[in-house]
$ cat input-v9.pdb   # PDB, C-alpha atoms and all ligand atoms
MODEL        1
ATOM      1  CA  MET A   1       2.354 -24.612 -11.917  1.00  0.00           C
ATOM      2  CA  HIS A   2       3.071 -21.523  -9.821  1.00  0.00           C
ATOM      3  CA  VAL A   3       0.797 -20.995  -6.811  1.00  0.00           C
ATOM      4  CA  ALA A   4       1.033 -17.835  -4.706  1.00  0.00           C
ATOM      5  CA  ILE A   5      -0.606 -17.577  -1.291  1.00  0.00           C
ATOM      6  CA  ILE A   6      -1.497 -14.536   0.795  1.00  0.00           C
ATOM      7  CA  MET A   7      -1.584 -16.156   4.229  1.00  0.00           C
ATOM      8  CA  ASP A   8      -4.075 -13.891   5.975  1.00  0.00           C
ATOM      9  CA  GLY A   9      -6.132 -14.251   9.143  1.00  0.00           C
ATOM     10  CA  ASN A  10      -3.569 -15.483  11.676  1.00  0.00           C
ATOM     11  CA  GLY A  11      -4.321 -12.724  14.158  1.00  0.00           C
ATOM     12  CA  ARG A  12      -8.100 -13.090  14.005  1.00  0.00           C
ATOM     13  CA  TRP A  13      -7.769 -16.881  14.207  1.00  0.00           C
ATOM     14  CA  ALA A  14      -5.900 -16.534  17.503  1.00  0.00           C
ATOM     15  CA  VAL A  15      -7.974 -13.724  19.015  1.00  0.00           C
ATOM     16  CA  SER A  16     -11.216 -15.592  18.284  1.00  0.00           C
ATOM     17  CA  ARG A  17      -9.797 -18.442  20.392  1.00  0.00           C
ATOM     18  CA  GLY A  18      -8.804 -16.173  23.248  1.00  0.00           C
ATOM     19  CA  MET A  19      -5.106 -16.407  22.386  1.00  0.00           C
ATOM     20  CA  PRO A  20      -2.563 -13.670  21.620  1.00  0.00           C
ATOM     21  CA  ARG A  21      -1.997 -12.815  17.941  1.00  0.00           C
ATOM     22  CA  GLN A  22       1.460 -14.370  18.152  1.00  0.00           C
ATOM     23  CA  ALA A  23      -0.134 -17.789  18.711  1.00  0.00           C
ATOM     24  CA  GLY A  24      -1.858 -17.317  15.342  1.00  0.00           C
ATOM     25  CA  HIS A  25       1.465 -16.704  13.615  1.00  0.00           C
ATOM     26  CA  ARG A  26       2.938 -19.809  15.265  1.00  0.00           C
ATOM     27  CA  ALA A  27      -0.030 -21.881  14.083  1.00  0.00           C
ATOM     28  CA  GLY A  28       0.544 -20.269  10.681  1.00  0.00           C
ATOM     29  CA  VAL A  29       4.000 -21.822  10.512  1.00  0.00           C
ATOM     30  CA  THR A  30       2.446 -25.278  10.974  1.00  0.00           C
ATOM     31  CA  ALA A  31       0.089 -24.516   8.081  1.00  0.00           C
ATOM     32  CA  VAL A  32       3.099 -23.464   5.972  1.00  0.00           C
ATOM     33  CA  ARG A  33       4.801 -26.802   6.668  1.00  0.00           C
ATOM     34  CA  ARG A  34       1.641 -28.719   5.748  1.00  0.00           C
ATOM     35  CA  THR A  35       1.180 -26.766   2.534  1.00  0.00           C
ATOM     36  CA  VAL A  36       4.813 -27.114   1.439  1.00  0.00           C
ATOM     37  CA  GLU A  37       4.693 -30.867   1.964  1.00  0.00           C
ATOM     38  CA  ALA A  38       1.461 -31.248   0.010  1.00  0.00           C
ATOM     39  CA  ALA A  39       2.303 -28.871  -2.857  1.00  0.00           C
ATOM     40  CA  PRO A  40       4.277 -31.234  -5.165  1.00  0.00           C
ATOM     41  CA  ARG A  41       1.472 -33.817  -4.961  1.00  0.00           C
ATOM     42  CA  PHE A  42      -0.855 -31.320  -6.645  1.00  0.00           C
ATOM     43  CA  GLY A  43       1.498 -30.466  -9.492  1.00  0.00           C
ATOM     44  CA  ILE A  44       2.831 -27.294  -7.883  1.00  0.00           C
ATOM     45  CA  SER A  45       6.458 -26.623  -8.822  1.00  0.00           C
ATOM     46  CA  VAL A  46       6.709 -23.044  -7.519  1.00  0.00           C
ATOM     47  CA  LEU A  47       5.043 -21.883  -4.310  1.00  0.00           C
ATOM     48  CA  SER A  48       5.251 -18.210  -3.305  1.00  0.00           C
ATOM     49  CA  LEU A  49       4.176 -17.270   0.216  1.00  0.00           C
ATOM     50  CA  PHE A  50       3.601 -13.719   1.468  1.00  0.00           C
ATOM     51  CA  ALA A  51       5.170 -13.751   4.933  1.00  0.00           C
ATOM     52  CA  PHE A  52       5.878 -10.046   5.561  1.00  0.00           C
ATOM     53  CA  SER A  53       4.910  -7.118   3.372  1.00  0.00           C
ATOM     54  CA  ALA A  54       6.751  -3.822   3.175  1.00  0.00           C
ATOM     55  CA  ASP A  55       3.620  -2.290   4.695  1.00  0.00           C
ATOM     56  CA  ASN A  56       3.702  -4.674   7.678  1.00  0.00           C
ATOM     57  CA  TRP A  57       6.400  -2.435   9.192  1.00  0.00           C
ATOM     58  CA  THR A  58       3.530  -0.281  10.463  1.00  0.00           C
ATOM     59  CA  ARG A  59       2.551  -3.050  12.926  1.00  0.00           C
ATOM     60  CA  PRO A  60       3.632  -2.766  16.576  1.00  0.00           C
ATOM     61  CA  ARG A  61       7.360  -3.332  17.029  1.00  0.00           C
ATOM     62  CA  SER A  62       6.730  -6.333  19.256  1.00  0.00           C
ATOM     63  CA  GLU A  63       4.708  -8.098  16.547  1.00  0.00           C
ATOM     64  CA  VAL A  64       7.322  -7.307  13.886  1.00  0.00           C
ATOM     65  CA  ARG A  65      10.063  -8.651  16.152  1.00  0.00           C
ATOM     66  CA  HIS A  66       8.071 -11.803  16.837  1.00  0.00           C
ATOM     67  CA  LEU A  67       7.437 -12.393  13.119  1.00  0.00           C
ATOM     68  CA  PHE A  68      11.134 -12.017  12.311  1.00  0.00           C
ATOM     69  CA  ALA A  69      12.123 -14.377  15.130  1.00  0.00           C
ATOM     70  CA  LEU A  70       9.577 -16.897  13.880  1.00  0.00           C
ATOM     71  CA  LEU A  71      10.852 -16.609  10.333  1.00  0.00           C
ATOM     72  CA  ARG A  72      14.451 -17.000  11.472  1.00  0.00           C
ATOM     73  CA  SER A  73      13.728 -20.109  13.531  1.00  0.00           C
ATOM     74  CA  SER A  74      11.508 -21.606  10.798  1.00  0.00           C
ATOM     75  CA  LEU A  75      14.198 -21.083   8.162  1.00  0.00           C
ATOM     76  CA  ARG A  76      16.784 -22.680  10.448  1.00  0.00           C
ATOM     77  CA  GLU A  77      14.524 -25.604  11.372  1.00  0.00           C
ATOM     78  CA  GLN A  78      13.111 -26.269   7.929  1.00  0.00           C
ATOM     79  CA  SER A  79      16.139 -25.851   5.704  1.00  0.00           C
ATOM     80  CA  LEU A  80      17.542 -29.335   6.334  1.00  0.00           C
ATOM     81  CA  HIS A  81      14.116 -30.876   5.776  1.00  0.00           C
ATOM     82  CA  CYS A  82      13.822 -28.867   2.536  1.00  0.00           C
ATOM     83  CA  PHE A  83      17.299 -29.921   1.410  1.00  0.00           C
ATOM     84  CA  GLU A  84      16.469 -33.602   2.025  1.00  0.00           C
ATOM     85  CA  ASN A  85      13.188 -33.283   0.127  1.00  0.00           C
ATOM     86  CA  GLY A  86      14.438 -31.466  -2.975  1.00  0.00           C
ATOM     87  CA  ILE A  87      12.919 -28.117  -2.026  1.00  0.00           C
ATOM     88  CA  CYS A  88      14.816 -24.997  -3.072  1.00  0.00           C
ATOM     89  CA  MET A  89      14.159 -22.070  -0.710  1.00  0.00           C
ATOM     90  CA  LYS A  90      14.347 -18.470  -1.914  1.00  0.00           C
ATOM     91  CA  VAL A  91      13.478 -15.284  -0.137  1.00  0.00           C
ATOM     92  CA  ILE A  92      12.203 -12.434  -2.284  1.00  0.00           C
ATOM     93  CA  GLY A  93      11.964  -8.808  -1.236  1.00  0.00           C
ATOM     94  CA  ARG A  94      14.328  -6.324   0.381  1.00  0.00           C
ATOM     95  CA  ARG A  95      17.096  -7.658   2.591  1.00  0.00           C
ATOM     96  CA  ASP A  96      18.761  -4.506   3.847  1.00  0.00           C
ATOM     97  CA  ARG A  97      16.162  -3.567   6.474  1.00  0.00           C
ATOM     98  CA  LEU A  98      16.011  -7.043   8.059  1.00  0.00           C
ATOM     99  CA  PRO A  99      17.901  -7.918  11.249  1.00  0.00           C
ATOM    100  CA  SER A 100      21.314  -9.340  10.381  1.00  0.00           C
ATOM    101  CA  SER A 101      20.517 -12.643  12.138  1.00  0.00           C
ATOM    102  CA  LEU A 102      17.544 -13.073   9.783  1.00  0.00           C
ATOM    103  CA  GLN A 103      19.655 -12.099   6.763  1.00  0.00           C
ATOM    104  CA  ASP A 104      22.153 -14.794   7.775  1.00  0.00           C
ATOM    105  CA  ALA A 105      19.428 -17.420   8.207  1.00  0.00           C
ATOM    106  CA  ILE A 106      18.109 -16.526   4.732  1.00  0.00           C
ATOM    107  CA  SER A 107      21.524 -16.884   3.057  1.00  0.00           C
ATOM    108  CA  ASP A 108      22.221 -20.157   4.868  1.00  0.00           C
ATOM    109  CA  ALA A 109      18.850 -21.653   3.892  1.00  0.00           C
ATOM    110  CA  GLU A 110      19.229 -20.532   0.281  1.00  0.00           C
ATOM    111  CA  ASN A 111      22.777 -21.886   0.035  1.00  0.00           C
ATOM    112  CA  LEU A 112      21.908 -25.230   1.594  1.00  0.00           C
ATOM    113  CA  THR A 113      18.855 -25.836  -0.595  1.00  0.00           C
ATOM    114  CA  ARG A 114      19.916 -24.295  -3.913  1.00  0.00           C
ATOM    115  CA  SER A 115      20.080 -27.642  -5.758  1.00  0.00           C
ATOM    116  CA  GLY A 116      16.463 -28.567  -4.901  1.00  0.00           C
ATOM    117  CA  SER A 117      14.428 -29.223  -8.041  1.00  0.00           C
ATOM    118  CA  ARG A 118      11.165 -30.779  -6.811  1.00  0.00           C
ATOM    119  CA  LEU A 119       9.686 -27.514  -5.528  1.00  0.00           C
ATOM    120  CA  THR A 120      10.831 -23.898  -5.431  1.00  0.00           C
ATOM    121  CA  LEU A 121       9.573 -22.301  -2.234  1.00  0.00           C
ATOM    122  CA  ARG A 122       9.657 -18.513  -2.462  1.00  0.00           C
ATOM    123  CA  ILE A 123       9.055 -16.660   0.764  1.00  0.00           C
ATOM    124  CA  ALA A 124       8.302 -12.947   0.422  1.00  0.00           C
ATOM    125  CA  VAL A 125       9.775 -10.902   3.268  1.00  0.00           C
ATOM    126  CA  ASP A 126       9.768  -7.089   3.322  1.00  0.00           C
ATOM    127  CA  TYR A 127       8.244  -7.393  -0.112  1.00  0.00           C
ATOM    128  CA  SER A 128       6.225  -4.878  -2.113  1.00  0.00           C
ATOM    129  CA  ALA A 129       5.288  -5.561  -5.727  1.00  0.00           C
ATOM    130  CA  ARG A 130       5.034  -1.834  -6.437  1.00  0.00           C
ATOM    131  CA  ASP A 131       8.489  -1.130  -4.991  1.00  0.00           C
ATOM    132  CA  SER A 132       9.901  -3.986  -7.105  1.00  0.00           C
ATOM    133  CA  ILE A 133       8.299  -2.501 -10.213  1.00  0.00           C
ATOM    134  CA  VAL A 134       9.749   0.930  -9.429  1.00  0.00           C
ATOM    135  CA  ASP A 135      13.210  -0.593  -8.850  1.00  0.00           C
ATOM    136  CA  ALA A 136      13.054  -2.587 -12.088  1.00  0.00           C
ATOM    137  CA  ALA A 137      11.856   0.474 -14.008  1.00  0.00           C
ATOM    138  CA  GLY A 138      14.878   2.366 -12.679  1.00  0.00           C
ATOM    139  CA  ARG A 139      17.116  -0.196 -14.366  1.00  0.00           C
ATOM    140  CA  LEU A 140      15.373  -0.220 -17.738  1.00  0.00           C
ATOM    141  CA  GLY A 141      18.219   1.880 -19.170  1.00  0.00           C
ATOM    142  CA  GLU A 142      20.469  -1.187 -18.769  1.00  0.00           C
ATOM    143  CA  VAL A 143      18.641  -3.223 -21.411  1.00  0.00           C
ATOM    144  CA  PRO A 144      18.866  -2.526 -25.153  1.00  0.00           C
ATOM    145  CA  GLN A 145      15.126  -2.694 -25.728  1.00  0.00           C
ATOM    146  CA  ALA A 146      12.290  -2.442 -23.249  1.00  0.00           C
ATOM    147  CA  SER A 147       9.851  -5.323 -23.562  1.00  0.00           C
ATOM    148  CA  ARG A 148       7.751  -7.440 -21.249  1.00  0.00           C
ATOM    149  CA  GLY A 149      10.516 -10.047 -21.320  1.00  0.00           C
ATOM    150  CA  SER A 150      13.352  -7.676 -20.452  1.00  0.00           C
ATOM    151  CA  PHE A 151      11.242  -5.999 -17.770  1.00  0.00           C
ATOM    152  CA  SER A 152      10.377  -9.390 -16.259  1.00  0.00           C
ATOM    153  CA  TYR A 153      14.076 -10.185 -16.151  1.00  0.00           C
ATOM    154  CA  LEU A 154      14.886  -6.921 -14.333  1.00  0.00           C
ATOM    155  CA  LEU A 155      12.007  -7.508 -11.947  1.00  0.00           C
ATOM    156  CA  SER A 156      13.269 -10.932 -10.982  1.00  0.00           C
ATOM    157  CA  GLN A 157      16.758  -9.463 -10.515  1.00  0.00           C
ATOM    158  CA  VAL A 158      15.571  -6.797  -8.090  1.00  0.00           C
ATOM    159  CA  THR A 159      13.501  -9.317  -6.110  1.00  0.00           C
ATOM    160  CA  HIS A 160      16.465 -11.736  -5.789  1.00  0.00           C
ATOM    161  CA  ASP A 161      14.927 -14.323  -8.078  1.00  0.00           C
ATOM    162  CA  SER A 162      17.960 -14.747 -10.315  1.00  0.00           C
ATOM    163  CA  GLY A 163      16.561 -13.677 -13.642  1.00  0.00           C
ATOM    164  CA  ARG A 164      13.553 -15.977 -13.880  1.00  0.00           C
ATOM    165  CA  MET A 165      10.139 -14.369 -13.697  1.00  0.00           C
ATOM    166  CA  ARG A 166       7.497 -16.977 -13.202  1.00  0.00           C
ATOM    167  CA  PRO A 167       3.919 -15.946 -13.923  1.00  0.00           C
ATOM    168  CA  VAL A 168       1.508 -16.871 -11.148  1.00  0.00           C
ATOM    169  CA  ASP A 169      -1.105 -19.414 -12.267  1.00  0.00           C
ATOM    170  CA  LEU A 170      -3.207 -19.496  -9.112  1.00  0.00           C
ATOM    171  CA  LEU A 171      -3.299 -16.896  -6.360  1.00  0.00           C
ATOM    172  CA  ILE A 172      -4.947 -17.984  -3.100  1.00  0.00           C
ATOM    173  CA  ARG A 173      -5.872 -15.623  -0.276  1.00  0.00           C
ATOM    174  CA  THR A 174      -7.127 -16.910   3.052  1.00  0.00           C
ATOM    175  CA  GLY A 175      -8.762 -14.860   5.806  1.00  0.00           C
ATOM    176  CA  GLY A 176     -11.830 -13.601   3.941  1.00  0.00           C
ATOM    177  CA  GLU A 177     -10.496 -10.421   2.315  1.00  0.00           C
ATOM    178  CA  ARG A 178     -10.548 -10.147  -1.452  1.00  0.00           C
ATOM    179  CA  ARG A 179      -7.575  -8.067  -2.461  1.00  0.00           C
ATOM    180  CA  LEU A 180      -4.009  -8.461  -3.698  1.00  0.00           C
ATOM    181  CA  SER A 181      -2.324  -6.214  -1.106  1.00  0.00           C
ATOM    182  CA  ASP A 182       0.712  -5.461  -3.277  1.00  0.00           C
ATOM    183  CA  PHE A 183       1.729  -9.107  -3.804  1.00  0.00           C
ATOM    184  CA  LEU A 184       3.235 -10.182  -7.167  1.00  0.00           C
ATOM    185  CA  LEU A 185       1.199  -7.677  -9.197  1.00  0.00           C
ATOM    186  CA  TRP A 186       3.133  -8.018 -12.477  1.00  0.00           C
ATOM    187  CA  GLU A 187       3.467 -11.792 -12.122  1.00  0.00           C
ATOM    188  CA  SER A 188      -0.278 -12.185 -11.470  1.00  0.00           C
ATOM    189  CA  ALA A 189      -1.461 -10.465 -14.660  1.00  0.00           C
ATOM    190  CA  TYR A 190      -3.366 -13.623 -15.683  1.00  0.00           C
ATOM    191  CA  ALA A 191      -3.483 -15.460 -12.362  1.00  0.00           C
ATOM    192  CA  GLU A 192      -6.695 -17.198 -11.397  1.00  0.00           C
ATOM    193  CA  LEU A 193      -7.833 -15.776  -8.056  1.00  0.00           C
ATOM    194  CA  TYR A 194      -9.179 -17.967  -5.255  1.00  0.00           C
ATOM    195  CA  PHE A 195     -10.469 -16.563  -1.986  1.00  0.00           C
ATOM    196  CA  THR A 196     -11.421 -18.487   1.129  1.00  0.00           C
ATOM    197  CA  SER A 197     -12.705 -17.222   4.469  1.00  0.00           C
ATOM    198  CA  LEU A 198     -10.645 -19.803   6.365  1.00  0.00           C
ATOM    199  CA  GLY A 199      -7.976 -18.288   8.589  1.00  0.00           C
ATOM    200  CA  TRP A 200      -4.502 -19.315   7.400  1.00  0.00           C
ATOM    201  CA  PRO A 201      -3.845 -21.622  10.404  1.00  0.00           C
ATOM    202  CA  ASP A 202      -6.912 -23.680   9.391  1.00  0.00           C
ATOM    203  CA  PHE A 203      -5.844 -24.056   5.746  1.00  0.00           C
ATOM    204  CA  ALA A 204      -5.303 -27.789   5.288  1.00  0.00           C
ATOM    205  CA  GLU A 205      -4.217 -30.123   2.495  1.00  0.00           C
ATOM    206  CA  ALA A 206      -7.851 -30.651   1.439  1.00  0.00           C
ATOM    207  CA  ASP A 207      -8.258 -26.888   1.042  1.00  0.00           C
ATOM    208  CA  LEU A 208      -5.208 -26.698  -1.214  1.00  0.00           C
ATOM    209  CA  GLU A 209      -6.628 -29.583  -3.214  1.00  0.00           C
ATOM    210  CA  ALA A 210      -9.992 -27.790  -3.524  1.00  0.00           C
ATOM    211  CA  ALA A 211      -8.293 -24.604  -4.754  1.00  0.00           C
ATOM    212  CA  VAL A 212      -6.203 -26.491  -7.322  1.00  0.00           C
ATOM    213  CA  SER A 213      -9.260 -28.464  -8.496  1.00  0.00           C
ATOM    214  CA  GLU A 214     -11.199 -25.266  -9.019  1.00  0.00           C
ATOM    215  CA  TYR A 215      -8.234 -23.787 -10.894  1.00  0.00           C
ATOM    216  CA  ARG A 216      -8.181 -26.811 -13.206  1.00  0.00           C
ATOM    217  CA  ARG A 217     -11.879 -26.365 -13.983  1.00  0.00           C
ATOM    218  CA  ARG A 218     -11.389 -22.759 -15.083  1.00  0.00           C
ATOM    219  CA  GLU A 219     -10.793 -21.938 -18.713  1.00  0.00           C
ATOM    220  CA  ARG A 220      -7.702 -19.779 -19.140  1.00  0.00           C
ATOM    221  CA  ARG A 221      -7.929 -17.748 -22.310  1.00  0.00           C
ATOM    222  CA  PHE A 222      -5.218 -15.110 -21.790  1.00  0.00           C
ATOM    223  CA  GLY A 223      -7.306 -12.659 -23.763  1.00  0.00           C
ATOM    224  CA  GLY A 224      -7.929 -15.113 -26.608  1.00  0.00           C
ATOM    225  CA  LEU A 225     -11.067 -16.995 -27.592  1.00  0.00           C
ATOM    226  CA  PRO A 226     -12.285 -20.270 -26.079  1.00  0.00           C
ATOM    227  CA  ALA A 227     -10.436 -23.292 -27.467  1.00  0.00           C
TER     228      ALA A 227
HETATM  229  C1  LIG B 301      -1.355 -12.392   8.124  1.00  0.00           C
HETATM  230  O1  LIG B 301      -2.193 -12.553   9.232  1.00  0.00           O
HETATM  231  C2  LIG B 301      -0.102 -13.106   8.330  1.00  0.00           C
HETATM  232  C3  LIG B 301       1.094 -12.516   8.472  1.00  0.00           C
HETATM  233  C4  LIG B 301       1.309 -11.057   8.400  1.00  0.00           C
HETATM  234  C5  LIG B 301       2.305 -13.305   8.727  1.00  0.00           C
HETATM  235  C6  LIG B 301       2.346 -14.646   8.068  1.00  0.00           C
HETATM  236  C7  LIG B 301       3.606 -15.314   8.456  1.00  0.00           C
HETATM  237  C8  LIG B 301       3.696 -16.600   8.861  1.00  0.00           C
HETATM  238  C9  LIG B 301       2.561 -17.545   8.883  1.00  0.00           C
HETATM  239  C10 LIG B 301       5.018 -17.130   9.197  1.00  0.00           C
HETATM  240  C11 LIG B 301       5.645 -17.531   7.904  1.00  0.00           C
HETATM  241  C12 LIG B 301       6.642 -18.537   8.098  1.00  0.00           C
HETATM  242  C13 LIG B 301       7.306 -19.117   7.067  1.00  0.00           C
HETATM  243  C14 LIG B 301       8.298 -20.148   7.380  1.00  0.00           C
HETATM  244  C15 LIG B 301       7.070 -18.736   5.651  1.00  0.00           C
HETATM  245  P1  LIG B 301      -2.620 -11.258  10.021  1.00  0.00           P
HETATM  246  O2  LIG B 301      -1.668 -11.038  11.132  1.00  0.00           O
HETATM  247  O3  LIG B 301      -2.757 -10.122   9.064  1.00  0.00           O
HETATM  248  O4  LIG B 301      -4.012 -11.706  10.574  1.00  0.00           O
HETATM  249  P2  LIG B 301      -5.289 -10.788  10.769  1.00  0.00           P
HETATM  250  O5  LIG B 301      -5.665 -10.267   9.400  1.00  0.00           O
HETATM  251  O6  LIG B 301      -6.291 -11.735  11.312  1.00  0.00           O
HETATM  252  O7  LIG B 301      -4.914  -9.707  11.711  1.00  0.00           O
ENDMDL
END

$ encode --input "input-v9.pdb" --output "structure tokens"
Amino acid sequence: MHVAIIMDGNGRWAVSRGMPRQAGHRAGVTAVRRTVEAAPRFGISVLSLFAFSADNWTRPRSEVRHLFALLRSSLREQSLHCFENGICMKVIGRRDRLPSSLQDAISDAENLTRSGSRLTLRIAVDYSARDSIVDAAGRLGEVPQASRGSFSYLLSQVTHDSGRMRPVDLLIRTGGERRLSDFLLWESAYAELYFTSLGWPDFAEADLEAAVSEYRRRERRFGGLPA
């Protein structure tokens, strides 16, 4: 089962507690750790997290710098834990605009954890689903016949996901908004959507369990008729 999460509401979570927005992002990292640890228990084999969108570049430079530093330190701190627990880490999105120290941390984490088979943790950084679609479309001439399958392959190539497009089964968004914000648009064609008003730092194991339970109660018909 592939679960994708738009981790929204860090800033508001912090500000409502009289703390700077950065404290919300730090608390968000703790929620990431909690979620990653719980995921395999709920039958999740692929977990995609939206950490930094291509449109987040419009945020103040200081916030962008803080987010990148947090990502770099989290990748460095968590990669050994992931390796020991069979978690394969992958970063999807553009690499070329990221600071070189973050690019290095990404390659190191991916190399260390590449054999992990219990959970694939995909972290989207400088990611835009629409940009990925445009990039994949630009390479359509390379395949003999355009089809959903060949396009999915190209899409996973351009997002650094090594040729395996995995459809999203359940897409969770915290923070109260109800939109997709350019995350995994192609992959979410038949995703079940789950929205919660909880800020991401408050998202706990029980909330993941509630989302997965609701997903299991839904009937997925993929355009067909009820079974
Ligand atoms: C959205 O909240 C959250 C982000 C833009 C960043 C999320 C990133 C992390 C939690 C760090 C990820 C770390 C790892 C290891 C994957 P917001 O700032 O948009 O909050 P707001 O809507 O309340 O302003």

$ resolve_selection --input "input-v9.pdb" --expression "the PyMOL selection byres (((chain A and resi 39-50) around 9) and not hetatm)" --output "compact mmCIF listing (two decimals) with C-alpha atoms, keeping the file's coordinate frame"
# COMPACT_ATOMS: atom_id res chain seq x y z
CA MET A 1 2.35 -24.61 -11.92
CA HIS A 2 3.07 -21.52 -9.82
CA VAL A 3 0.80 -21.00 -6.81
CA ALA A 4 1.03 -17.84 -4.71
CA ILE A 5 -0.61 -17.58 -1.29
CA ILE A 6 -1.50 -14.54 0.80
CA MET A 7 -1.58 -16.16 4.23
CA ASP A 8 -4.08 -13.89 5.98
CA VAL A 32 3.10 -23.46 5.97
CA ARG A 34 1.64 -28.72 5.75
CA THR A 35 1.18 -26.77 2.53
CA VAL A 36 4.81 -27.11 1.44
CA GLU A 37 4.69 -30.87 1.96
CA ALA A 38 1.46 -31.25 0.01
CA ALA A 51 5.17 -13.75 4.93
CA PHE A 52 5.88 -10.05 5.56
CA SER A 53 4.91 -7.12 3.37
CA SER A 117 14.43 -29.22 -8.04
CA ARG A 118 11.16 -30.78 -6.81
CA LEU A 119 9.69 -27.51 -5.53
CA THR A 120 10.83 -23.90 -5.43
CA LEU A 121 9.57 -22.30 -2.23
CA ARG A 122 9.66 -18.51 -2.46
CA ILE A 123 9.06 -16.66 0.76
CA ALA A 124 8.30 -12.95 0.42
CA VAL A 125 9.78 -10.90 3.27
CA TYR A 127 8.24 -7.39 -0.11
CA ARG A 166 7.50 -16.98 -13.20
CA VAL A 168 1.51 -16.87 -11.15
CA PHE A 183 1.73 -9.11 -3.80
CA GLU A 205 -4.22 -30.12 2.50
CA LEU A 208 -5.21 -26.70 -1.21
CA GLU A 209 -6.63 -29.58 -3.21
CA VAL A 212 -6.20 -26.49 -7.32

$ atom_distance --input "input-v9.pdb" --atom1 "atom CA of A:Arg220" --atom2 "atom CA of A:Gly176"
24.2 Å

$ closest_residue --input "input-v9.pdb" --among "A:Arg164, A:Arg114, A:Arg59, A:Arg72" --to "A:Glu84" --atoms "all atoms listed in the file"
A:Arg114

$ residues_near_point --input "input-v9.pdb" --point "(-9.3, -6.7, 3.6)" --cutoff "12 Å" --atoms "only C-alpha atoms" --output "mmCIF file with C-alpha atoms, in the coordinates of the input"
data_model
loop_
_atom_site.group_PDB
_atom_site.id
_atom_site.type_symbol
_atom_site.label_atom_id
_atom_site.label_comp_id
_atom_site.auth_asym_id
_atom_site.auth_seq_id
_atom_site.Cartn_x
_atom_site.Cartn_y
_atom_site.Cartn_z
ATOM 1 C CA ILE A 6 -1.497 -14.536 0.795
ATOM 2 C CA ASP A 8 -4.075 -13.891 5.975
ATOM 3 C CA GLY A 9 -6.132 -14.251 9.143
ATOM 4 C CA ARG A 173 -5.872 -15.623 -0.276
ATOM 5 C CA THR A 174 -7.127 -16.910 3.052
ATOM 6 C CA GLY A 175 -8.762 -14.860 5.806
ATOM 7 C CA GLY A 176 -11.830 -13.601 3.941
ATOM 8 C CA GLU A 177 -10.496 -10.421 2.315
ATOM 9 C CA ARG A 178 -10.548 -10.147 -1.452
ATOM 10 C CA ARG A 179 -7.575 -8.067 -2.461
ATOM 11 C CA LEU A 180 -4.009 -8.461 -3.698
ATOM 12 C CA SER A 181 -2.324 -6.214 -1.106
ATOM 13 C CA PHE A 195 -10.469 -16.563 -1.986
ATOM 14 C CA SER A 197 -12.705 -17.222 4.469
#

$ residues_around --input "input-v9.pdb" --residues "A:Phe68" --least-positions-apart "5" --cutoff "12 Å" --atoms "all atoms listed in the file" --output "PyMOL selection string"
chain A and resi 22+25-26+51-53+56-57+61-63+73-75+97-103+105-106+125-126

$ atom_distance --input "input-v9.pdb" --atom1 "atom CA of A:Arg221" --atom2 "atom CA of A:Tyr153"
24.1 Å

$ atom_distance --input "input-v9.pdb" --atom1 "atom CA of A:Ser156" --atom2 "atom CA of A:Pro201"
29.4 Å

$ closest_residue --input "input-v9.pdb" --among "A:Tyr194, A:Trp186, A:Tyr215, A:Trp13" --to "ligand LIG 301 (chain B)" --atoms "all atoms listed in the file"
A:Trp13

$ residues_around --input "input-v9.pdb" --residues "A:Gly141" --least-positions-apart "5" --cutoff "12 Å" --atoms "all atoms listed in the file" --output "list in words"
Asp135, Ala136, Ala146, Ser147, Ser150, Phe151 and Leu154 of chain A

$ axis_aligned_box --input "input-v9.pdb" --around "stretch 68-77 of chain A" --padding-each-side "3 Å" --output "JSON"
{"center_x": 13.2, "center_y": -18.8, "center_z": 11.6, "size_x": 13.2, "size_y": 19.6, "size_z": 13.0}

$ decode --input "input-v9.pdb" --residues "stretch 87-108 of chain A" --atoms "C-alpha atoms" --output "PDB file, in the first residue's frame"
ATOM      1  CA  ILE A  87      13.875   1.297   5.246  1.00  0.00           C
ATOM      2  CA  CYS A  88      14.990   2.406   1.789  1.00  0.00           C
ATOM      3  CA  MET A  89      15.186   6.208   1.505  1.00  0.00           C
ATOM      4  CA  LYS A  90      14.651   7.979  -1.816  1.00  0.00           C
ATOM      5  CA  VAL A  91      14.399  11.641  -2.583  1.00  0.00           C
ATOM      6  CA  ILE A  92      12.191  12.616  -5.503  1.00  0.00           C
ATOM      7  CA  GLY A  93      12.188  15.970  -7.253  1.00  0.00           C
ATOM      8  CA  ARG A  94      14.856  18.231  -8.718  1.00  0.00           C
ATOM      9  CA  ARG A  95      18.360  18.024  -7.302  1.00  0.00           C
ATOM     10  CA  ASP A  96      20.204  20.704  -9.226  1.00  0.00           C
ATOM     11  CA  ARG A  97      18.858  23.719  -7.320  1.00  0.00           C
ATOM     12  CA  LEU A  98      19.574  22.276  -3.852  1.00  0.00           C
ATOM     13  CA  PRO A  99      22.653  23.249  -1.830  1.00  0.00           C
ATOM     14  CA  SER A 100      25.489  20.827  -2.545  1.00  0.00           C
ATOM     15  CA  SER A 101      25.678  19.778   1.128  1.00  0.00           C
ATOM     16  CA  LEU A 102      22.033  18.668   0.905  1.00  0.00           C
ATOM     17  CA  GLN A 103      22.661  16.898  -2.411  1.00  0.00           C
ATOM     18  CA  ASP A 104      25.508  14.999  -0.734  1.00  0.00           C
ATOM     19  CA  ALA A 105      23.359  14.051   2.265  1.00  0.00           C
ATOM     20  CA  ILE A 106      20.683  12.767  -0.144  1.00  0.00           C
ATOM     21  CA  SER A 107      23.127  10.588  -2.112  1.00  0.00           C
ATOM     22  CA  ASP A 108      24.696   9.230   1.077  1.00  0.00           C
TER      23      ASP A 108
END
